[in-house]
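*Asks:* If you scroll down you'll find the structure; I have some questions about it.
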Amino acid sequence: MDNNNLRKPIVGKYILDTLSIGMYNNPLMLVREYIQNSVDAIDDYNKREDYLENPKIDICIDGRNRSIQVVDNGSGLTASNAKNALHDIGRSLKKIHFDRGFRGIGRLGGLGYCQTLKFITKARGEKLYSVSKWDCMKLRHLVKDKHEVVNIVDLIDEVAEFNMLSYTKKTEDHFFMVEMQNVKSPRDILLNVPVVKAYLSQVAPVPFDRKSFTYAEKIDAELRQRVPKYDTYHIYLNGEQLFKQYGDIVPLGKEAKDTIDDVEFIELQNETGSLGFGWIAKLNLRGSINSTSLVDGIRVRCGNILVGDKNTFAELFREKRFNSYLVGEIHIIDERLVPNSRRDDFEDNETKDEFLDCFVKTIGLPFSRKIREISVARSNGAKTEAKNAVLDRAKKILKDGYVSTKQKDRVIAELKSILKSINGDSDSVENLIRELRHSSHFLDITDDRISSPKKLLLKDMFDIIYEGCSNKKDAEKIIKKISNTVASS
Amino acid sequence: MNKKILLVEPGYKTKYPPLGLMKISTYHRKLKGNEVAFVKGCSLKVRDEYWDRVYISTLFTYTWHETVKTINYYVDTLFNFSKKIYVGGILATLMPEDLFNATGIQPVVGLLNDSQKLDQDDDIIIDELPPDYEILDQVDFKYDHIDAYLGYTTRGCIRACDFCAVNRLEPDYVHYIDIKKLIKEVTDMYGEKQNLLLMDNNVLASRYFDKIIDDIKAAGFVKGSTFGKTKRKRIVDFNQGLDGRLLTEDKMRRLAEIPLEPMRIAFDHIKYRDTYIKAVRLAHKYGQKNMSNYILYNHNSDTPEDFYKRIRLNIDLNEEFGKEHRSSAGARTIIYSFPMRYIPLEAKKRDVDTGNPFWNKRSLRGLQVILNVIKGPVMPGKEFFEQAFGTNPEEFKAILLMPDEFIRNRVKPNWRKISDRIKRLMPYTRDWMDAYSGLTKEEKIELENTLSSNKLDNIQHAVSNSTSAKVKKLLKHHIDADAIVSKYRSG
């Protein structure tokens, strides 16, 4: 066959669909992608230009106009670079080991969730700024229609327009802005400020909150020293700065709380070196941490941006739920650990396997063991407590009398089951049972004001009450009340 | 970095200690300085520990279920890092693909004679290392033969019998392995052992047979040699048996120089009758006192009659040897029969159809019950033998067809005091034997066919359909067996 006769392969239009809407399973992820780009732009500026005085990322969610803006004052794109940088796909100027994003597809995430997507950018010292505008409605129409353009290059030409405009403010200005207009997302999640805030405070590279978390400074300093790609950024959502939600108090279940006494630093290393470094809070490990705290689980971060979610590494514990007993972070050090394009895990390679194995060895198994030991100790404690409660009830009956023969029988039965569970000295319990058998009804001990026939009647009645009530404590209260009333009448 | 190694033998019952794991233990513990733990079955206590590697041994294919369960338990224990798990041994070698499909682990096939098989970073041949006896203390399970040197003087077999896996496990026949070296290494590392247990598959085929006997003697195993302060008798056991076809006068003379106890001659089929008798007589001639001979049954064209004839032959030989003048040593030659049921090489359970038309589920079960009662090898005495197996092949067949409970409780509790063989029998047993002998040829076939599946459903169905009253009566015994036996027991 003559290969020269074959035409060049076509990259079909559906690829754009796959790279935008198809890429992420949660629309919030696209906000993360834009923040990731902004963070890289700020780092880039700091590397090349003077140190940026007030680097920041501003996110504005406008519910009334259904728009979202993400603006950073990073290096921006020069007018000569902008078109290619913004209209090429899967080709990034960034470098895999320095920048958080590098695939050149992240910015496309917005295409699926708005009507118009704009990228506006300017580099320092230029009098021009660039605007790349994408018509997302048209895009969807063209992708759906079988007869329209088939080629991705033609498709981009059809839906995206690029303009360079003259900038009238200061030439020193530099920025990159993403603007999504007429945002549409399931349950309007992208416009839900508290949800976006909760998400970003867990995912984005924001600082610890020094006001509520005593160990913020200690951890931050240690991470800066040990993790090359660790840094924090000022990120604002509708004017409010975002922080990680770690605090000294950790809520357990509905009402219980635990306090972080200290933090332990942990290094994940294998024979070749350090894979990751992080911290784990010292807690009592008594139960799952309430997930509304946004701090439960060991979270793995790369460039201080979350990889996966809080449960991504839960299966590396003996039981998945043990992950939620813990609070902590592991920051990736080894450059061979690369987040995949969805950032829901790492790319599969040998280093990932080594990392997971190291996680099991250093965190998963030791903490699973610890949690189990604590739980066993607690259940032994609870058994002792329950046993003591029965003994107390028995002694009370000996002193004050029983309210019903059924009550007496019940306590005797409970004592007998205690007898079965104790090894060794059982004499005291056996004595108690013997004494209980000969104990008296409380009416016979305390009250002489009630006549004997009445007592017989009352005793029968009390038996019925005691038997009929499922809550025996209530039954005892009712019985006492009745006897008091009868006695005083 | 100090590595943690876990060795696992699946939880099935076994007599012999896991030699492969013991050698791997020597490699890791003694040569690599690693921490080694050994457990039997699915151990809960090792689950919360971190392991760098897990080795799991496998044995007979009919332990399939238990083996797969164990492997999958450890795959889960290692959070699915299955590349850290090494599975090897007999089952793994015979059925690697099945095992891969059931566990996701590609097992190590064959002997540990290549350092690549276990991804070693050295070129140590683990198969040649002495086994680590000390790890056996870590489990509650009690193995036999732990006071023996366990080893080989040859490897493989020159034959290719289709009932035997050796040809696939050890395809190349190795004529000589220096057992003195192993004995010295074990002694140095783990202390001196009383006995020598050799797992050669066909030592008589070796070109260096004489040298092997010399080695064994040089290592301290000469006839009459003793061990320790209490002067216990030392013994040598070629545990896998000897090939009667290759036993020459010269070789027997040499074997008689070592304390062989017992001698095991294979008697795999009735067609080897003459060869077998010749070998046994030769052994007897050279003063071999104790023989425990392997009687393979259920293979190919074997029949219950042929099986009966073979063990009967051993009884007759015992009688014959018993009548001779005692040798100066005093004891007479005694032959035990060691029945071995044929199970196909890749059978995943014991109870499979081998295609042998002469043995069926009922007769195999019947023999199993007899063997369970006598607990192991068949005793040499004629009296006991006839009690257990009947006086002729026909009686033997009648016994095999009995309900299990009848077989177990054939004779009266005080039978030893009753000299008449017939009067020893419980009434129901006598009844069965009489009724069976009264059947016509056709009726016997009908009875056997009905019982062959050993299923109560089939029997119940046949009771209502059979045209023979005698057959019906015998079948009913099967249905009522438990009640009949317990009635007599309490009465």
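FYI, nothing fancy with the structure tokens labels: chains A, B, ... in order, residues from 1 per chain, ligands from 1 as they appear.
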Using only C-alpha atoms, what table do you get, as JSON lines, when you list each residue of chain B with an atom no more than 8 Å from chain A, its nearest pair of atoms, and their distance in Å rounded to one decimal, rows by chain then rising number?
*Replies:*
{"residue": "B:Met1", "atom": "CA", "partner": "A:Glu271", "partner_atom": "CA", "distance": 7.5}
{"residue": "B:Asp48", "atom": "CA", "partner": "A:Leu365", "partner_atom": "CA", "distance": 5.6}
{"residue": "B:Glu49", "atom": "CA", "partner": "A:Leu365", "partner_atom": "CA", "distance": 6.5}
{"residue": "B:Tyr50", "atom": "CA", "partner": "A:Lys361", "partner_atom": "CA", "distance": 5.6}
{"residue": "B:Phe79", "atom": "CA", "partner": "A:Leu316", "partner_atom": "CA", "distance": 6.7}
{"residue": "B:Phe81", "atom": "CA", "partner": "A:Asp357", "partner_atom": "CA", "distance": 7.8}
*Asks:* Restrict the selected residues to C-alpha atoms and save them as a PDB file, in the first residue's frame.
*Replies:*
ATOM      1  CA  MET B   1      16.596  -1.581  55.809  1.00  0.00           C
ATOM      2  CA  ASP B  48      -2.192  -5.366  61.364  1.00  0.00           C
ATOM      3  CA  GLU B  49       1.530  -5.771  60.753  1.00  0.00           C
ATOM      4  CA  TYR B  50       3.447  -4.484  57.767  1.00  0.00           C
ATOM      5  CA  PHE B  79      -3.951  -4.165  50.566  1.00  0.00           C
ATOM      6  CA  PHE B  81      -0.087  -5.315  46.745  1.00  0.00           C
TER       7      PHE B  81
END
*Asks:* Based on the backbone DSSP call, show me all residues of range 318-485 of chain A assigned strand (DSSP E), as number ranges by chain.
*Replies:* A: 327-332
*Asks:* Residues at most 10 Å from range 396-402 of chain B, counting only C-alpha atoms, excluding those fewer than 3 positions away in the same chain, as a PDB file with N, CA, C and O atoms, in the first residue's frame?
*Replies:*
ATOM      1  N   PRO B 304     -11.332 -53.457  43.091  1.00  0.00           N
ATOM      2  CA  PRO B 304     -11.316 -53.852  44.499  1.00  0.00           C
ATOM      3  C   PRO B 304     -10.730 -55.259  44.683  1.00  0.00           C
ATOM      4  O   PRO B 304     -10.013 -55.502  45.649  1.00  0.00           O
ATOM      5  N   GLU B 305     -11.009 -56.158  43.737  1.00  0.00           N
ATOM      6  CA  GLU B 305     -10.450 -57.512  43.833  1.00  0.00           C
ATOM      7  C   GLU B 305      -8.926 -57.473  43.797  1.00  0.00           C
ATOM      8  O   GLU B 305      -8.258 -58.126  44.598  1.00  0.00           O
ATOM      9  N   PHE B 307      -7.007 -54.988  44.468  1.00  0.00           N
ATOM     10  CA  PHE B 307      -6.525 -54.351  45.695  1.00  0.00           C
ATOM     11  C   PHE B 307      -6.474 -55.385  46.818  1.00  0.00           C
ATOM     12  O   PHE B 307      -5.473 -55.515  47.532  1.00  0.00           O
ATOM     13  N   TYR B 308      -7.572 -56.120  46.941  1.00  0.00           N
ATOM     14  CA  TYR B 308      -7.642 -57.142  47.995  1.00  0.00           C
ATOM     15  C   TYR B 308      -6.507 -58.143  47.838  1.00  0.00           C
ATOM     16  O   TYR B 308      -5.825 -58.486  48.800  1.00  0.00           O
ATOM     17  N   ARG B 362     -19.281 -45.534  46.406  1.00  0.00           N
ATOM     18  CA  ARG B 362     -19.612 -46.418  47.525  1.00  0.00           C
ATOM     19  C   ARG B 362     -18.395 -47.251  47.949  1.00  0.00           C
ATOM     20  O   ARG B 362     -18.061 -47.309  49.132  1.00  0.00           O
ATOM     21  N   SER B 363     -17.731 -47.857  46.977  1.00  0.00           N
ATOM     22  CA  SER B 363     -16.628 -48.733  47.360  1.00  0.00           C
ATOM     23  C   SER B 363     -15.448 -47.928  47.912  1.00  0.00           C
ATOM     24  O   SER B 363     -14.781 -48.354  48.856  1.00  0.00           O
ATOM     25  N   LEU B 364     -15.229 -46.738  47.338  1.00  0.00           N
ATOM     26  CA  LEU B 364     -14.138 -45.903  47.848  1.00  0.00           C
ATOM     27  C   LEU B 364     -14.431 -45.466  49.280  1.00  0.00           C
ATOM     28  O   LEU B 364     -13.562 -45.475  50.153  1.00  0.00           O
ATOM     29  N   ARG B 365     -15.704 -45.110  49.493  1.00  0.00           N
ATOM     30  CA  ARG B 365     -16.105 -44.697  50.843  1.00  0.00           C
ATOM     31  C   ARG B 365     -15.976 -45.873  51.818  1.00  0.00           C
ATOM     32  O   ARG B 365     -15.473 -45.730  52.927  1.00  0.00           O
ATOM     33  N   GLY B 366     -16.430 -47.027  51.359  1.00  0.00           N
ATOM     34  CA  GLY B 366     -16.360 -48.222  52.206  1.00  0.00           C
ATOM     35  C   GLY B 366     -14.933 -48.514  52.639  1.00  0.00           C
ATOM     36  O   GLY B 366     -14.658 -48.745  53.825  1.00  0.00           O
ATOM     37  N   LEU B 367     -14.003 -48.437  51.682  1.00  0.00           N
ATOM     38  CA  LEU B 367     -12.599 -48.703  52.020  1.00  0.00           C
ATOM     39  C   LEU B 367     -12.087 -47.640  52.993  1.00  0.00           C
ATOM     40  O   LEU B 367     -11.374 -47.943  53.956  1.00  0.00           O
ATOM     41  N   GLN B 368     -12.487 -46.383  52.731  1.00  0.00           N
ATOM     42  CA  GLN B 368     -12.056 -45.304  53.622  1.00  0.00           C
ATOM     43  C   GLN B 368     -12.493 -45.573  55.060  1.00  0.00           C
ATOM     44  O   GLN B 368     -11.734 -45.358  56.003  1.00  0.00           O
ATOM     45  N   VAL B 369     -13.737 -46.057  55.214  1.00  0.00           N
ATOM     46  CA  VAL B 369     -14.241 -46.334  56.568  1.00  0.00           C
ATOM     47  C   VAL B 369     -13.417 -47.448  57.225  1.00  0.00           C
ATOM     48  O   VAL B 369     -13.038 -47.347  58.386  1.00  0.00           O
ATOM     49  N   ILE B 370     -13.106 -48.493  56.435  1.00  0.00           N
ATOM     50  CA  ILE B 370     -12.278 -49.585  56.988  1.00  0.00           C
ATOM     51  C   ILE B 370     -10.929 -49.029  57.443  1.00  0.00           C
ATOM     52  O   ILE B 370     -10.465 -49.296  58.551  1.00  0.00           O
ATOM     53  N   GLU B 386      -8.325 -60.405  58.087  1.00  0.00           N
ATOM     54  CA  GLU B 386      -9.581 -60.997  57.619  1.00  0.00           C
ATOM     55  C   GLU B 386     -10.778 -60.369  58.315  1.00  0.00           C
ATOM     56  O   GLU B 386     -11.860 -60.258  57.755  1.00  0.00           O
ATOM     57  N   ALA B 388     -10.921 -57.263  59.081  1.00  0.00           N
ATOM     58  CA  ALA B 388     -11.154 -55.943  58.498  1.00  0.00           C
ATOM     59  C   ALA B 388     -11.569 -56.012  57.035  1.00  0.00           C
ATOM     60  O   ALA B 388     -12.427 -55.250  56.599  1.00  0.00           O
ATOM     61  N   PHE B 389     -10.961 -56.930  56.283  1.00  0.00           N
ATOM     62  CA  PHE B 389     -11.153 -56.911  54.824  1.00  0.00           C
ATOM     63  C   PHE B 389     -11.915 -58.119  54.289  1.00  0.00           C
ATOM     64  O   PHE B 389     -12.181 -58.190  53.095  1.00  0.00           O
ATOM     65  N   GLY B 390     -12.201 -59.081  55.125  1.00  0.00           N
ATOM     66  CA  GLY B 390     -12.903 -60.277  54.647  1.00  0.00           C
ATOM     67  C   GLY B 390     -11.919 -61.371  54.272  1.00  0.00           C
ATOM     68  O   GLY B 390     -10.712 -61.129  54.133  1.00  0.00           O
ATOM     69  N   THR B 391     -12.476 -62.579  54.110  1.00  0.00           N
ATOM     70  CA  THR B 391     -11.580 -63.716  53.857  1.00  0.00           C
ATOM     71  C   THR B 391     -11.296 -63.929  52.376  1.00  0.00           C
ATOM     72  O   THR B 391     -10.412 -64.682  52.015  1.00  0.00           O
ATOM     73  N   ASN B 392     -12.072 -63.296  51.529  1.00  0.00           N
ATOM     74  CA  ASN B 392     -11.815 -63.397  50.089  1.00  0.00           C
ATOM     75  C   ASN B 392     -12.346 -62.134  49.401  1.00  0.00           C
ATOM     76  O   ASN B 392     -13.054 -61.336  50.022  1.00  0.00           O
ATOM     77  N   PRO B 393     -11.982 -61.950  48.122  1.00  0.00           N
ATOM     78  CA  PRO B 393     -12.375 -60.722  47.422  1.00  0.00           C
ATOM     79  C   PRO B 393     -13.891 -60.496  47.426  1.00  0.00           C
ATOM     80  O   PRO B 393     -14.341 -59.345  47.514  1.00  0.00           O
ATOM     81  N   GLU B 405     -22.097 -47.154  58.865  1.00  0.00           N
ATOM     82  CA  GLU B 405     -22.277 -47.508  60.283  1.00  0.00           C
ATOM     83  C   GLU B 405     -22.073 -49.009  60.517  1.00  0.00           C
ATOM     84  O   GLU B 405     -21.544 -49.417  61.544  1.00  0.00           O
ATOM     85  N   PHE B 406     -22.509 -49.840  59.550  1.00  0.00           N
ATOM     86  CA  PHE B 406     -22.307 -51.282  59.649  1.00  0.00           C
ATOM     87  C   PHE B 406     -20.814 -51.609  59.624  1.00  0.00           C
ATOM     88  O   PHE B 406     -20.329 -52.422  60.393  1.00  0.00           O
ATOM     89  N   ILE B 407     -20.106 -50.951  58.690  1.00  0.00           N
ATOM     90  CA  ILE B 407     -18.670 -51.252  58.555  1.00  0.00           C
ATOM     91  C   ILE B 407     -17.948 -50.926  59.866  1.00  0.00           C
ATOM     92  O   ILE B 407     -17.154 -51.708  60.373  1.00  0.00           O
ATOM     93  N   ARG B 408     -18.288 -49.758  60.419  1.00  0.00           N
ATOM     94  CA  ARG B 408     -17.640 -49.328  61.668  1.00  0.00           C
ATOM     95  C   ARG B 408     -17.963 -50.261  62.825  1.00  0.00           C
ATOM     96  O   ARG B 408     -17.126 -50.482  63.696  1.00  0.00           O
ATOM     97  N   ARG B 410     -19.034 -53.611  62.805  1.00  0.00           N
ATOM     98  CA  ARG B 410     -19.312 -54.929  62.260  1.00  0.00           C
ATOM     99  C   ARG B 410     -19.325 -56.021  63.331  1.00  0.00           C
ATOM    100  O   ARG B 410     -20.080 -56.962  63.275  1.00  0.00           O
ATOM    101  N   THR B 429     -24.810 -57.395  60.666  1.00  0.00           N
ATOM    102  CA  THR B 429     -23.719 -57.653  59.728  1.00  0.00           C
ATOM    103  C   THR B 429     -23.873 -59.049  59.112  1.00  0.00           C
ATOM    104  O   THR B 429     -23.680 -59.240  57.910  1.00  0.00           O
ATOM    105  N   TRP B 432     -26.533 -58.997  56.644  1.00  0.00           N
ATOM    106  CA  TRP B 432     -26.083 -58.379  55.392  1.00  0.00           C
ATOM    107  C   TRP B 432     -25.251 -59.366  54.573  1.00  0.00           C
ATOM    108  O   TRP B 432     -25.516 -59.554  53.376  1.00  0.00           O
ATOM    109  N   MET B 433     -24.278 -59.995  55.221  1.00  0.00           N
ATOM    110  CA  MET B 433     -23.380 -60.893  54.505  1.00  0.00           C
ATOM    111  C   MET B 433     -24.174 -62.069  53.911  1.00  0.00           C
ATOM    112  O   MET B 433     -23.952 -62.450  52.763  1.00  0.00           O
ATOM    113  N   ASP B 434     -25.097 -62.620  54.709  1.00  0.00           N
ATOM    114  CA  ASP B 434     -25.903 -63.742  54.230  1.00  0.00           C
ATOM    115  C   ASP B 434     -26.761 -63.323  53.040  1.00  0.00           C
ATOM    116  O   ASP B 434     -26.805 -64.015  52.017  1.00  0.00           O
ATOM    117  N   ALA B 435     -27.423 -62.187  53.204  1.00  0.00           N
ATOM    118  CA  ALA B 435     -28.319 -61.719  52.141  1.00  0.00           C
ATOM    119  C   ALA B 435     -27.511 -61.458  50.873  1.00  0.00           C
ATOM    120  O   ALA B 435     -27.930 -61.808  49.767  1.00  0.00           O
ATOM    121  N   TYR B 436     -26.317 -60.842  51.046  1.00  0.00           N
ATOM    122  CA  TYR B 436     -25.498 -60.520  49.882  1.00  0.00           C
ATOM    123  C   TYR B 436     -25.082 -61.789  49.147  1.00  0.00           C
ATOM    124  O   TYR B 436     -25.191 -61.870  47.921  1.00  0.00           O
ATOM    125  N   SER B 437     -24.640 -62.791  49.922  1.00  0.00           N
ATOM    126  CA  SER B 437     -24.175 -64.013  49.246  1.00  0.00           C
ATOM    127  C   SER B 437     -25.323 -64.760  48.584  1.00  0.00           C
ATOM    128  O   SER B 437     -25.102 -65.564  47.689  1.00  0.00           O
ATOM    129  N   LYS B 444     -26.649 -58.692  42.268  1.00  0.00           N
ATOM    130  CA  LYS B 444     -25.439 -58.036  42.782  1.00  0.00           C
ATOM    131  C   LYS B 444     -25.111 -56.787  41.959  1.00  0.00           C
ATOM    132  O   LYS B 444     -24.760 -55.744  42.500  1.00  0.00           O
ATOM    133  N   LEU B 447     -27.583 -54.091  42.817  1.00  0.00           N
ATOM    134  CA  LEU B 447     -27.267 -53.493  44.122  1.00  0.00           C
ATOM    135  C   LEU B 447     -26.077 -52.536  44.003  1.00  0.00           C
ATOM    136  O   LEU B 447     -26.115 -51.403  44.474  1.00  0.00           O
ATOM    137  N   GLU B 448     -25.058 -53.019  43.335  1.00  0.00           N
ATOM    138  CA  GLU B 448     -23.852 -52.207  43.237  1.00  0.00           C
ATOM    139  C   GLU B 448     -24.117 -50.918  42.449  1.00  0.00           C
ATOM    140  O   GLU B 448     -23.656 -49.840  42.839  1.00  0.00           O
ATOM    141  N   LEU B 451     -25.986 -48.459  44.590  1.00  0.00           N
ATOM    142  CA  LEU B 451     -25.195 -47.868  45.670  1.00  0.00           C
ATOM    143  C   LEU B 451     -24.019 -47.037  45.160  1.00  0.00           C
ATOM    144  O   LEU B 451     -23.427 -46.269  45.917  1.00  0.00           O
ATOM    145  N   SER B 452     -23.675 -47.206  43.869  1.00  0.00           N
ATOM    146  CA  SER B 452     -22.412 -46.634  43.378  1.00  0.00           C
ATOM    147  C   SER B 452     -22.311 -45.128  43.608  1.00  0.00           C
ATOM    148  O   SER B 452     -21.230 -44.612  43.852  1.00  0.00           O
ATOM    149  N   ASN B 454     -23.566 -43.590  46.101  1.00  0.00           N
ATOM    150  CA  ASN B 454     -23.546 -43.384  47.552  1.00  0.00           C
ATOM    151  C   ASN B 454     -24.446 -42.233  47.985  1.00  0.00           C
ATOM    152  O   ASN B 454     -24.107 -41.460  48.864  1.00  0.00           O
ATOM    153  N   LEU B 474     -31.660 -55.219  51.228  1.00  0.00           N
ATOM    154  CA  LEU B 474     -30.312 -54.695  51.477  1.00  0.00           C
ATOM    155  C   LEU B 474     -30.281 -53.163  51.380  1.00  0.00           C
ATOM    156  O   LEU B 474     -29.616 -52.497  52.172  1.00  0.00           O
ATOM    157  N   LEU B 475     -31.039 -52.664  50.406  1.00  0.00           N
ATOM    158  CA  LEU B 475     -31.073 -51.209  50.256  1.00  0.00           C
ATOM    159  C   LEU B 475     -31.706 -50.551  51.481  1.00  0.00           C
ATOM    160  O   LEU B 475     -31.282 -49.487  51.930  1.00  0.00           O
ATOM    161  N   HIS B 477     -31.488 -51.521  54.459  1.00  0.00           N
ATOM    162  CA  HIS B 477     -30.464 -51.424  55.509  1.00  0.00           C
ATOM    163  C   HIS B 477     -29.730 -50.088  55.442  1.00  0.00           C
ATOM    164  O   HIS B 477     -29.383 -49.507  56.470  1.00  0.00           O
ATOM    165  N   HIS B 478     -29.474 -49.646  54.210  1.00  0.00           N
ATOM    166  CA  HIS B 478     -28.768 -48.368  54.064  1.00  0.00           C
ATOM    167  C   HIS B 478     -29.590 -47.220  54.632  1.00  0.00           C
ATOM    168  O   HIS B 478     -29.058 -46.315  55.268  1.00  0.00           O
ATOM    169  N   ALA B 481     -29.741 -47.715  58.533  1.00  0.00           N
ATOM    170  CA  ALA B 481     -28.498 -48.153  59.179  1.00  0.00           C
ATOM    171  C   ALA B 481     -28.276 -47.553  60.574  1.00  0.00           C
ATOM    172  O   ALA B 481     -28.023 -48.281  61.535  1.00  0.00           O
TER     173      ALA B 481
END
*Asks:* May I ask for the distance between CA of Ser288 in chain A and CA of Leu252 in chain A, given in Å to one decimal place?
*Replies:*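 Separation of CA of Ser288 in chain A and CA of Leu252 in chain A: 6.0 Å.
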*Asks:* Identify, on the basis of only C-alpha atoms, every residue whose closest approach to Thr103 in chain B does not exceed 9 Å; exclude the query and any residue fewer than 3 positions from it along the same chain; express the result as a list in words.
*Replies:*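 Contacts, with the query itself left out: Val68, Lys69, Ile71, Asn72, Val75, Asp98, Leu99, Phe100 and Gln106 of chain B.
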*Asks:* Looking at only C-alpha atoms, which of A:His234, A:Asp50, A:Leu268, A:Ser324 is the one that sits closest to Pro251 in chain A?
*Replies:*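 Smallest distance to Pro251 in chain A is found for A:Ser324.
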*Asks:* List the spatial neighbours of Ala216 in chain A as a list in words - criterion: any atom at most 9 Å away, only C-alpha atoms, same-chain residues fewer than 5 positions off excluded.
*Replies:* Pro207, Phe208, Asp209, Arg210, Lys211, Ala221, Tyr246 and Gly247 of chain A
*Asks:* To one decimal place, how far is CA of Glu385 in chain A from CA of Tyr466 in chain A in Å?
*Replies:*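 Straight-line distance from CA of Glu385 in chain A to CA of Tyr466 in chain A works out to 24.2 Å.
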*Asks:* What's around Asp258 in chain A at 9 Å? Count only C-alpha atoms, leave out sequence neighbours fewer than 6 positions away in its own chain, and write the answer as a PyMOL selection string.
*Replies:* chain A and resi 248-252+283-286+289
*Asks:* Go ahead and save the residues from that selection, with N, CA, C and O atoms, as an mmCIF file, in the first residue's frame.
*Replies:*
data_model
loop_
_atom_site.group_PDB
_atom_site.id
_atom_site.type_symbol
_atom_site.label_atom_id
_atom_site.label_comp_id
_atom_site.auth_asym_id
_atom_site.auth_seq_id
_atom_site.Cartn_x
_atom_site.Cartn_y
_atom_site.Cartn_z
ATOM 1 N N ASP A 248 -8.171 23.901 66.881
ATOM 2 C CA ASP A 248 -7.757 23.096 68.040
ATOM 3 C C ASP A 248 -8.826 22.098 68.448
ATOM 4 O O ASP A 248 -8.535 21.034 68.971
ATOM 5 N N ILE A 249 -10.084 22.478 68.227
ATOM 6 C CA ILE A 249 -11.186 21.603 68.628
ATOM 7 C C ILE A 249 -11.644 20.774 67.420
ATOM 8 O O ILE A 249 -11.808 21.304 66.338
ATOM 9 N N VAL A 250 -11.806 19.495 67.663
ATOM 10 C CA VAL A 250 -12.255 18.612 66.583
ATOM 11 C C VAL A 250 -13.568 17.968 67.017
ATOM 12 O O VAL A 250 -13.615 17.297 68.044
ATOM 13 N N PRO A 251 -14.662 18.192 66.265
ATOM 14 C CA PRO A 251 -15.940 17.610 66.666
ATOM 15 C C PRO A 251 -16.034 16.128 66.302
ATOM 16 O O PRO A 251 -15.637 15.725 65.220
ATOM 17 N N LEU A 252 -16.527 15.334 67.246
ATOM 18 C CA LEU A 252 -16.743 13.904 66.994
ATOM 19 C C LEU A 252 -18.239 13.667 67.016
ATOM 20 O O LEU A 252 -18.925 14.179 67.888
ATOM 21 N N LEU A 283 -4.666 12.881 68.797
ATOM 22 C CA LEU A 283 -6.047 12.860 69.272
ATOM 23 C C LEU A 283 -6.268 11.618 70.119
ATOM 24 O O LEU A 283 -5.426 10.722 70.146
ATOM 25 N N ASN A 284 -7.415 11.571 70.772
ATOM 26 C CA ASN A 284 -7.724 10.391 71.582
ATOM 27 C C ASN A 284 -8.172 9.187 70.762
ATOM 28 O O ASN A 284 -8.264 8.091 71.281
ATOM 29 N N LEU A 285 -8.461 9.421 69.488
ATOM 30 C CA LEU A 285 -8.871 8.351 68.563
ATOM 31 C C LEU A 285 -10.071 7.570 69.088
ATOM 32 O O LEU A 285 -10.085 6.348 69.101
ATOM 33 N N ARG A 286 -11.080 8.308 69.519
ATOM 34 C CA ARG A 286 -12.243 7.631 70.099
ATOM 35 C C ARG A 286 -13.365 7.402 69.100
ATOM 36 O O ARG A 286 -14.337 6.726 69.402
ATOM 37 N N ILE A 289 -14.471 11.551 63.124
ATOM 38 C CA ILE A 289 -14.604 12.993 63.245
ATOM 39 C C ILE A 289 -15.769 13.446 62.373
ATOM 40 O O ILE A 289 -15.946 12.946 61.264
#
*Asks:* Using only C-alpha atoms, which of the listed residues (B:Tyr55, B:Tyr149, B:Tyr286, B:Tyr16) sits closest to Thr333 in chain B?
*Replies:*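 For Thr333 in chain B, the nearest of the candidates is B:Tyr286.
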*Asks:* What's the separation between CA of Ile280 in chain A and CA of Val54 in chain B, in Å to one decimal place?
*Replies:*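 That distance, rounded to one decimal, is 29.3 Å.
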*Asks:* Counting only C-alpha atoms, figure out which residue out of A:Lys56, A:Arg107, A:Lys83, A:Arg48 gets nearest to Tyr34 in chain A.
*Replies:* A:Arg107
*Asks:* Residues of range 297-460 of chain B in helix (DSSP H, G or I) according to DSSP, as a PyMOL selection string?
*Replies:* chain B and resi 304-323+361-374+382-389+393-401+404-408+415-417+421-424+427-437+441-451+456-460
*Asks:* Please list as a ChimeraX atom specification every residue within 9 Å of Thr405 in chain A, counting only C-alpha atoms and excluding residues in the same chain fewer than 2 positions away.
*Replies:* /A:402-403,407-410,441,459,463
